[in-house]
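Note sheet for the following structure.
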Amino acid sequence: MADAEKKKKTDKGDPAGDVKWVRKDLLGLRDLSVAEINLILDTAESFQEVSQRAVKKVPVLRGKTVANLFLEASTRTRISFELAEKRLSADTIGITGSASSMTKGESLLDTAANIEALKVSLIVLRHPSSGAPYRLARHTAAGIVNAGDGINEHPTQALIDMFTMRQEKKTIKGLKVVYIGDILHSRVARSNIWGLTKLGADVIVCGPKTLIPWGIEELGVRVVYDMKKAVRDADVVTLLRIQLERQNETLFPSLREYGSSYGLDSEVFRLAKPDALLMHPGPVNRGVEVESALANSPQSVILKQVTNGIAVRMAVLYLLSGALPND
Amino acid sequence: MIKPVVDHKPHVIIKQAHVVDPANGIDGVLDIELKEMEIVRWGKQLDHPQAEIIQAKGLVLMPGFLDLHVHFRDPGFEHKETIQSGVQAAIYGGFVGCVTMPNTKPACDNSQIVKYQIERGEQFGFNIFPAGTLTQGREGKKISEMAEMKASGAVAVSDDGTWVQDSGVARRAYEYAATYDLLIMSHAEDCCLSMHGSMNEGVVSTKLGLRAVPNAAEDVATARDVEIARLTGCRLHICHVSTRQAVETVRRAKADGIKVTCEVTPHHLALTDESFMDYDTNFKMNPPLRTEADRQAVIRGLEDGTIDAVATDHAPHAAEEKAQDVESAPPGVIGLESAFGVVMTELYHGRKWKLADIVKILSLKPGEIIGNSQLGRLVTGVPANFVLADPCHTWQFDESHIHSKSKNSCFLGKKLKGKVLHTFVNGTHYDLNGGK
């Protein structure tokens with residue numbers, strides 16, 4: 001950890017102060033204070049440098065075991081976590097949905113008890129049901145990282161987005177951030193809404209009414225149905241993936257019509273600020289949510305998000321491991 | 001078999017109980033004399049040298065409670081509850097009779113299962129009133145054999161747990177039931193609108209990121225059923241009303257002279273969707289806990305007579321089933337043993353209700369709805385069915401109070417005021433505090 005601590009925390013206008021990390025779990029940004037969010041982002045900055053070394057490893061989690069329990073399909077999140085764990089020198093085990101006993105009817109809490117019996121320090125959980133990490137966290141001594149639960153939260157992805165915004169825009173306070181697409185089923189949007197509103201951003205969500213959850217304004221965001229109005233003068237435009245597997249729920253008539261109302265092209269994106277960022281949590285449906293060329297444009301930070309993912313996840317795992325008892 | 005039974009006493013006088021029995025116009029301190037466990041008379045200062053005296057000063061004596069809506073899971077899901085364990089829980093809650101819902105396995109859609117459930121209740125000296133299914137196998141397609149089930153003792157028909165989604169089938173099934181004057185108990189929920197949501201749709205579900213059920217799922221179904229009742233003249237009972245709009249629909253239907261009654265659960269009277277904040281599956285039930293505005297509306301509905309009765313929707317589920325994640329865990333909570341305490345806390349103490357009105361919603365009206373003139377009131381010359389309760393006993397409801405096979409209560413840890421101390425069921429005396 002010496003390396004990470006040596007690096008001076010850079011003040012980006014939202015100082016973390018002297019906050020000490022005490023949580024064994026990262027379940028959602030709903031629960032975190034401004035100071036805690038900033039502490040994660042500051043810590044992630046210190047870890048960024050590790051990935052640029054020839055030997056991309058620090059001994060922070062040496063001798064600790066991290067279980068990646070992915071009960072829903074995932075490629076990029078799982079790989080990003082695995083790399084973060086390996087660069088922290090942790091031992092890792094991977095358990096995926098089809099291979100786990102949960103498909104044989106074992107309950108979530110039984111699975112937790114079994115993993116705990118294996119003396120695992122941290123569990124990274126991806127689960128199709130909202131709230132599952134909360135239930136797991138209450139019933140195990142291991143630390144839990146929520147890697148996406150149902151349609152609820154995906155806190156590390158939101159932290160990555162916020163980290164990238166802070167990197168590019170220096171501060172999050174006052175930024176106009178727009179989310180376009182399936183807000184209803186997006187755990188990425190929900191986590192970002194909790195985090196960004198806490199840090200003082202002006203958050204707008206945009207999409208057809210069928211994709212906007214009930215009462216979302218109560219979370220401190222604005223709903224705008226007209227994409228052009230939503231994008232105007234934005235600092236950040238984030239597109240959410242249209243989940244093609246939800247087509248049978250009849251949330252909109254066709255991809256063609258969706259694209260014509262809510263697909264972002266360079267003409268609409270020009271309405272945003274000249275230096276606006278284009279983000280996407282991936283994987284991108286090119287030609288549906290976003291024009292293909294725009295996804296490759298210099299303003300697109302989609303691949304930076306992927307790179308930053310490792311540093312942010314290293315920061316989270318490091319902070320949580322420090323709060324585990326007798327560990 | 002069912003504990004804790006007290007030795008049979010040939011002659012008993014209960015002294016100085018506050019007797020509340022609106023059917024007989026009684027509301028005052030009286031003595032009650034029983035011979036061979038049948039009430040023979042009530043009056044002031046009854047005495048008899050041979051009689052055993054039960055001193056009941058400070059206690060309330062009420063007709064035993066009737067629960068219009070329980071799931072005893074028998075046959076088919078005996079790991080959750082059996083008729084024996086369900087009866088035990090009912091007696092601890094002060095209930096002397098229960099209407100059992102037909103979503104058993106196999107479904108209670110024939111006279112054999114109706115007879116089995118009644119006989120099983122009789123073995124434990126208890127009154128089981130089965131509801132048979134409305135459609136065969138609860139599949140919502142073909143009308144079940146209602147005439148035969150009624151002849152075997154079914155008091156109602158219901159596809160509880162599901163609603164007959166096809167309005168054409170519903171119209172014919174309700175119409176057919178009306179032929180035999182069978183009560184239709186409707187679990188009013190349009191599943192195309194509820195879409196397997198885990199909680200109420202609103203700000204709380206948006207905050208928790210849970211798929212949710214809008215009020216409209218219940219409102220649409222209630223409105224349709226009321227119109228089919230208007231069309232067919234059937235006797236309709238809407239189960240577990242939970243939304244402000246459904247209360248209003250029933251209020252208007254009653255004003256129009258449609259034969260409709262309805263019930264509300266103790267949890268919808270006492271709790272709101274805010275209780276869900278911990279993703280605790282003991283707060284997942286169907287219909288879900290709604291908002292404060294809905295809670296206030298069901299209380300008002302109960303107070304102005306729009307809602308006729310409190311029914312528990314006692315729905316036991318095994319610990320391992322509730323230990324799953326929120327979306328996989330089955331909906332439902334138990335309620336028999338906390339019901340009186342919750343009703344007393346919320347209505348008698350919380351809203352200064354009269355005891356006579358408590359008796360109406362727990363005993364009298366449920367008896368009237370299922371057409372039973374022996375229960376819900378004090379009757380002489382038949383085996384006694386009443387309770388003795390302490391209206392001011394303060395207690396914390398916990399697992400030690402649960403005699404149901406399952407422990408999935410949403411009132412665990414809650415402080416309640418009002419407790420049943422003795423239940424007399426069909427002439428058997430149960431001392432629920434074991435004589436203490």
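Labels for the structure tokens follow display order: chains A, B, ..., residues from 1 in each chain, ligands from 1.
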Neighbours of chain B in chain A at 6 Å, counting only C-alpha atoms, as a ChimeraX atom specification: /A:107-108,129-132,151-152,214-215
Can you list, as an mmCIF file with C-alpha atoms, in the first residue's frame, every protein, DNA or RNA residue that comes within 6 Å of region 80-85 of chain B when you count only C-alpha atoms, leaving out same-chain residues fewer than 6 positions away?
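The resulting file, result-v1.cif, is shown below:
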```
data_model
loop_
_atom_site.group_PDB
_atom_site.id
_atom_site.type_symbol
_atom_site.label_atom_id
_atom_site.label_comp_id
_atom_site.auth_asym_id
_atom_site.auth_seq_id
_atom_site.Cartn_x
_atom_site.Cartn_y
_atom_site.Cartn_z
ATOM 1 C CA PHE B 72 -53.105 -23.944 5.463
ATOM 2 C CA ARG B 73 -51.220 -25.514 2.525
ATOM 3 C CA ASP B 74 -52.742 -28.923 3.186
ATOM 4 C CA PRO B 316 -46.813 -19.531 5.475
ATOM 5 C CA HIS B 317 -43.564 -20.169 3.579
ATOM 6 C CA ALA B 318 -40.595 -22.218 4.744
ATOM 7 C CA SER B 404 -47.410 -21.875 12.795
ATOM 8 C CA LYS B 405 -44.922 -24.147 11.025
ATOM 9 C CA SER B 406 -43.442 -21.105 9.264
#
```
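Computed from the coordinates, the CA of Asn433 (chain B) to CA of Pro4 (chain B) distance equals 8.5 Å.
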Would you kindly return, as a ChimeraX atom specification, each protein, DNA or RNA residue with an atom no farther than 6 Å from any atom of region 289-303 of chain A, considering only C-alpha atoms and excluding same-chain residues fewer than 3 positions away? /A:263-265,277-280,286,306
For region 154-160 of chain B, work out the shell of residues within 9 Å, counting only C-alpha atoms and skipping chain neighbours fewer than 5 positions away, then give it as a ChimeraX atom specification. /B:99,101-103,111,114-115,118,129-135,137-140,144,146,148-149,177,182-188,239,370-371
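In terms of minimum interatomic distance to Gly174 (chain A), A:Gly200 ranks closest within A:Gly220, A:Pro325, A:Pro155, A:Gly200, counting only C-alpha atoms.
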In Å, with one decimal, what is the gap from CA of Leu61 (chain B) to CA of Gly367 (chain B)?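 Separation of CA of Leu61 (chain B) and CA of Gly367 (chain B): 17.3 Å.
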Using only C-alpha atoms for the distances, tell me which of A:Leu199, A:Val188, A:Ile180, A:Ala84 is nearest to Ile212 (chain A).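 Smallest distance to Ile212 (chain A) is found for A:Ile180.
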All residues 10 Å or closer to region 36-40 of chain B, only C-alpha atoms, same chain fewer than 4 positions away omitted, as a PyMOL selection string: chain B and resi 8-13+32+378-385+424-429
Residues within 7 Å of His69 (chain B), please, as a PyMOL selection string. Count only C-alpha atoms; anything in the same chain fewer than 5 positions from it doesn't count. chain B and resi 98-101+311-314
Keeping only N, CA and C atoms, take the residues you just selected and write them out as a PDB file, in the first residue's frame.
```pdb
ATOM      1  N   CYS B  98     -61.694 -20.741  10.226  1.00  0.00           N
ATOM      2  CA  CYS B  98     -60.894 -20.149   9.157  1.00  0.00           C
ATOM      3  C   CYS B  98     -61.426 -20.597   7.805  1.00  0.00           C
ATOM      4  N   VAL B  99     -61.459 -19.664   6.860  1.00  0.00           N
ATOM      5  CA  VAL B  99     -61.759 -20.002   5.469  1.00  0.00           C
ATOM      6  C   VAL B  99     -60.421 -20.294   4.798  1.00  0.00           C
ATOM      7  N   THR B 100     -60.261 -21.548   4.337  1.00  0.00           N
ATOM      8  CA  THR B 100     -58.973 -21.945   3.756  1.00  0.00           C
ATOM      9  C   THR B 100     -59.013 -21.769   2.250  1.00  0.00           C
ATOM     10  N   MET B 101     -57.953 -21.188   1.720  1.00  0.00           N
ATOM     11  CA  MET B 101     -57.876 -20.920   0.286  1.00  0.00           C
ATOM     12  C   MET B 101     -57.476 -22.190  -0.470  1.00  0.00           C
ATOM     13  N   ALA B 311     -59.030  -9.737   7.533  1.00  0.00           N
ATOM     14  CA  ALA B 311     -58.651 -11.138   7.300  1.00  0.00           C
ATOM     15  C   ALA B 311     -57.139 -11.166   7.159  1.00  0.00           C
ATOM     16  N   THR B 312     -56.513 -12.255   7.631  1.00  0.00           N
ATOM     17  CA  THR B 312     -55.049 -12.187   7.740  1.00  0.00           C
ATOM     18  C   THR B 312     -54.307 -12.468   6.437  1.00  0.00           C
ATOM     19  N   ASP B 313     -54.900 -13.240   5.504  1.00  0.00           N
ATOM     20  CA  ASP B 313     -54.137 -13.772   4.369  1.00  0.00           C
ATOM     21  C   ASP B 313     -52.885 -14.494   4.882  1.00  0.00           C
ATOM     22  N   HIS B 314     -53.078 -15.242   5.974  1.00  0.00           N
ATOM     23  CA  HIS B 314     -52.006 -16.048   6.582  1.00  0.00           C
ATOM     24  C   HIS B 314     -51.394 -16.951   5.509  1.00  0.00           C
TER      25      HIS B 314
END
```
I need the residues in region 80-125 of chain B that are strand (DSSP E) according to DSSP; give them as a PyMOL selection string. chain B and resi 95-100
Output the selection as an mmCIF file, in the first residue's frame - N, CA and C atoms for each residue.
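File written: result.cif
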```
data_model
loop_
_atom_site.group_PDB
_atom_site.id
_atom_site.type_symbol
_atom_site.label_atom_id
_atom_site.label_comp_id
_atom_site.auth_asym_id
_atom_site.auth_seq_id
_atom_site.Cartn_x
_atom_site.Cartn_y
_atom_site.Cartn_z
ATOM 1 N N PHE B 95 -58.728 -17.282 17.009
ATOM 2 C CA PHE B 95 -59.667 -17.644 15.937
ATOM 3 C C PHE B 95 -60.312 -18.993 16.228
ATOM 4 N N VAL B 96 -61.601 -19.074 15.903
ATOM 5 C CA VAL B 96 -62.333 -20.325 16.107
ATOM 6 C C VAL B 96 -62.757 -20.938 14.770
ATOM 7 N N GLY B 97 -62.516 -20.219 13.689
ATOM 8 C CA GLY B 97 -62.849 -20.736 12.367
ATOM 9 C C GLY B 97 -62.026 -20.024 11.316
ATOM 10 N N CYS B 98 -61.694 -20.741 10.226
ATOM 11 C CA CYS B 98 -60.894 -20.149 9.157
ATOM 12 C C CYS B 98 -61.426 -20.597 7.805
ATOM 13 N N VAL B 99 -61.459 -19.664 6.860
ATOM 14 C CA VAL B 99 -61.759 -20.002 5.469
ATOM 15 C C VAL B 99 -60.421 -20.294 4.798
ATOM 16 N N THR B 100 -60.261 -21.548 4.337
ATOM 17 C CA THR B 100 -58.973 -21.945 3.756
ATOM 18 C C THR B 100 -59.013 -21.769 2.250
#
```
Residue set, region 107-296 of chain A restricted to alpha helix (DSSP H), as a PyMOL selection string: chain A and resi 108-117+132-138+155-169+187-198+227-231+255-262+266-269+292-295
Export of the given selection (C-alpha atoms) as a PDB file, in the first residue's frame:
```
ATOM      1  CA  LEU A 108     -28.392 -17.344  -1.734  1.00  0.00           C
ATOM      2  CA  LEU A 109     -27.732 -17.527   2.003  1.00  0.00           C
ATOM      3  CA  ASP A 110     -26.573 -21.159   1.810  1.00  0.00           C
ATOM      4  CA  THR A 111     -24.178 -20.216  -0.943  1.00  0.00           C
ATOM      5  CA  ALA A 112     -22.883 -17.403   1.248  1.00  0.00           C
ATOM      6  CA  ALA A 113     -22.340 -19.754   4.186  1.00  0.00           C
ATOM      7  CA  ASN A 114     -20.406 -22.151   1.986  1.00  0.00           C
ATOM      8  CA  ILE A 115     -18.180 -19.460   0.544  1.00  0.00           C
ATOM      9  CA  GLU A 116     -17.526 -18.121   4.009  1.00  0.00           C
ATOM     10  CA  ALA A 117     -16.526 -21.601   5.163  1.00  0.00           C
ATOM     11  CA  ALA A 132     -29.327  -9.701  -3.452  1.00  0.00           C
ATOM     12  CA  PRO A 133     -25.972  -8.198  -2.307  1.00  0.00           C
ATOM     13  CA  TYR A 134     -27.722  -6.456   0.590  1.00  0.00           C
ATOM     14  CA  ARG A 135     -29.091  -9.763   1.811  1.00  0.00           C
ATOM     15  CA  LEU A 136     -25.762 -11.516   1.315  1.00  0.00           C
ATOM     16  CA  ALA A 137     -23.850  -8.763   3.134  1.00  0.00           C
ATOM     17  CA  ARG A 138     -25.999  -9.067   6.229  1.00  0.00           C
ATOM     18  CA  PRO A 155     -21.829   1.051  -8.093  1.00  0.00           C
ATOM     19  CA  THR A 156     -18.342   0.367  -9.465  1.00  0.00           C
ATOM     20  CA  GLN A 157     -19.459   1.218 -12.999  1.00  0.00           C
ATOM     21  CA  ALA A 158     -20.891   4.516 -11.767  1.00  0.00           C
ATOM     22  CA  LEU A 159     -17.696   5.244  -9.853  1.00  0.00           C
ATOM     23  CA  ILE A 160     -15.758   4.607 -13.072  1.00  0.00           C
ATOM     24  CA  ASP A 161     -18.005   7.027 -14.943  1.00  0.00           C
ATOM     25  CA  MET A 162     -17.591   9.636 -12.230  1.00  0.00           C
ATOM     26  CA  PHE A 163     -13.849   9.057 -12.130  1.00  0.00           C
ATOM     27  CA  THR A 164     -13.655   9.559 -15.887  1.00  0.00           C
ATOM     28  CA  MET A 165     -15.772  12.733 -15.711  1.00  0.00           C
ATOM     29  CA  ARG A 166     -13.570  14.110 -12.945  1.00  0.00           C
ATOM     30  CA  GLN A 167     -10.445  13.237 -14.906  1.00  0.00           C
ATOM     31  CA  GLU A 168     -11.702  15.047 -18.009  1.00  0.00           C
ATOM     32  CA  LYS A 169     -13.666  17.895 -16.437  1.00  0.00           C
ATOM     33  CA  ARG A 187     -28.531  -0.240 -12.820  1.00  0.00           C
ATOM     34  CA  VAL A 188     -25.732   1.905 -14.243  1.00  0.00           C
ATOM     35  CA  ALA A 189     -28.050   4.902 -14.538  1.00  0.00           C
ATOM     36  CA  ARG A 190     -29.476   4.375 -11.062  1.00  0.00           C
ATOM     37  CA  SER A 191     -26.043   4.239  -9.415  1.00  0.00           C
ATOM     38  CA  ASN A 192     -24.880   7.275 -11.363  1.00  0.00           C
ATOM     39  CA  ILE A 193     -27.997   9.196 -10.364  1.00  0.00           C
ATOM     40  CA  TRP A 194     -27.305   8.555  -6.674  1.00  0.00           C
ATOM     41  CA  GLY A 195     -23.626   9.446  -7.013  1.00  0.00           C
ATOM     42  CA  LEU A 196     -23.778  12.404  -9.379  1.00  0.00           C
ATOM     43  CA  THR A 197     -26.611  14.168  -7.560  1.00  0.00           C
ATOM     44  CA  LYS A 198     -24.649  13.829  -4.304  1.00  0.00           C
ATOM     45  CA  MET A 227     -33.585  14.238 -26.891  1.00  0.00           C
ATOM     46  CA  LYS A 228     -32.546  17.498 -28.569  1.00  0.00           C
ATOM     47  CA  LYS A 229     -33.639  19.542 -25.570  1.00  0.00           C
ATOM     48  CA  ALA A 230     -31.957  17.100 -23.228  1.00  0.00           C
ATOM     49  CA  VAL A 231     -28.617  17.167 -25.027  1.00  0.00           C
ATOM     50  CA  LEU A 255     -35.505  -0.422 -33.011  1.00  0.00           C
ATOM     51  CA  ARG A 256     -35.963   1.720 -36.108  1.00  0.00           C
ATOM     52  CA  GLU A 257     -38.416   4.067 -34.403  1.00  0.00           C
ATOM     53  CA  TYR A 258     -36.370   4.049 -31.186  1.00  0.00           C
ATOM     54  CA  GLY A 259     -33.293   5.006 -33.174  1.00  0.00           C
ATOM     55  CA  SER A 260     -35.106   7.855 -34.901  1.00  0.00           C
ATOM     56  CA  SER A 261     -36.176   9.390 -31.545  1.00  0.00           C
ATOM     57  CA  TYR A 262     -33.396   8.420 -29.160  1.00  0.00           C
ATOM     58  CA  SER A 266     -23.394  13.700 -34.640  1.00  0.00           C
ATOM     59  CA  GLU A 267     -26.023  16.257 -35.609  1.00  0.00           C
ATOM     60  CA  VAL A 268     -27.772  16.044 -32.250  1.00  0.00           C
ATOM     61  CA  PHE A 269     -24.496  15.660 -30.352  1.00  0.00           C
ATOM     62  CA  SER A 292     -21.056   4.189 -35.203  1.00  0.00           C
ATOM     63  CA  ALA A 293     -18.707   7.010 -36.223  1.00  0.00           C
ATOM     64  CA  LEU A 294     -19.673   9.037 -33.158  1.00  0.00           C
ATOM     65  CA  ALA A 295     -18.715   6.154 -30.883  1.00  0.00           C
TER      66      ALA A 295
END
```
Could you pull the residues within 9 Å of Asp357 (chain B), counting only C-alpha atoms, minus those fewer than 5 positions along the same chain, as a compact mmCIF listing (two decimals) with N, CA and C atoms, in the first residue's frame?
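Output below, filename around_29.txt:
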```txt
# COMPACT_ATOMS: atom_id res chain seq x y z
N PRO B 22 -71.87 -7.48 19.80
CA PRO B 22 -72.82 -6.57 19.13
C PRO B 22 -74.06 -7.28 18.57
N GLU B 303 -63.55 2.19 8.59
CA GLU B 303 -64.32 3.01 9.54
C GLU B 303 -65.69 3.38 8.99
N TYR B 348 -57.99 0.13 18.11
CA TYR B 348 -58.56 0.38 19.44
C TYR B 348 -57.72 1.43 20.18
N LEU B 362 -63.76 -8.58 13.24
CA LEU B 362 -63.03 -9.85 13.43
C LEU B 362 -63.97 -11.05 13.55
```
Using only C-alpha atoms, pick whichever of A:Ile310, A:Ala90, A:Leu26, A:Leu61 has the shortest atom-to-atom distance to Gly322 (chain A).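 Ranking A:Ile310, A:Ala90, A:Leu26, A:Leu61 by distance to Gly322 (chain A), first place goes to A:Leu61.
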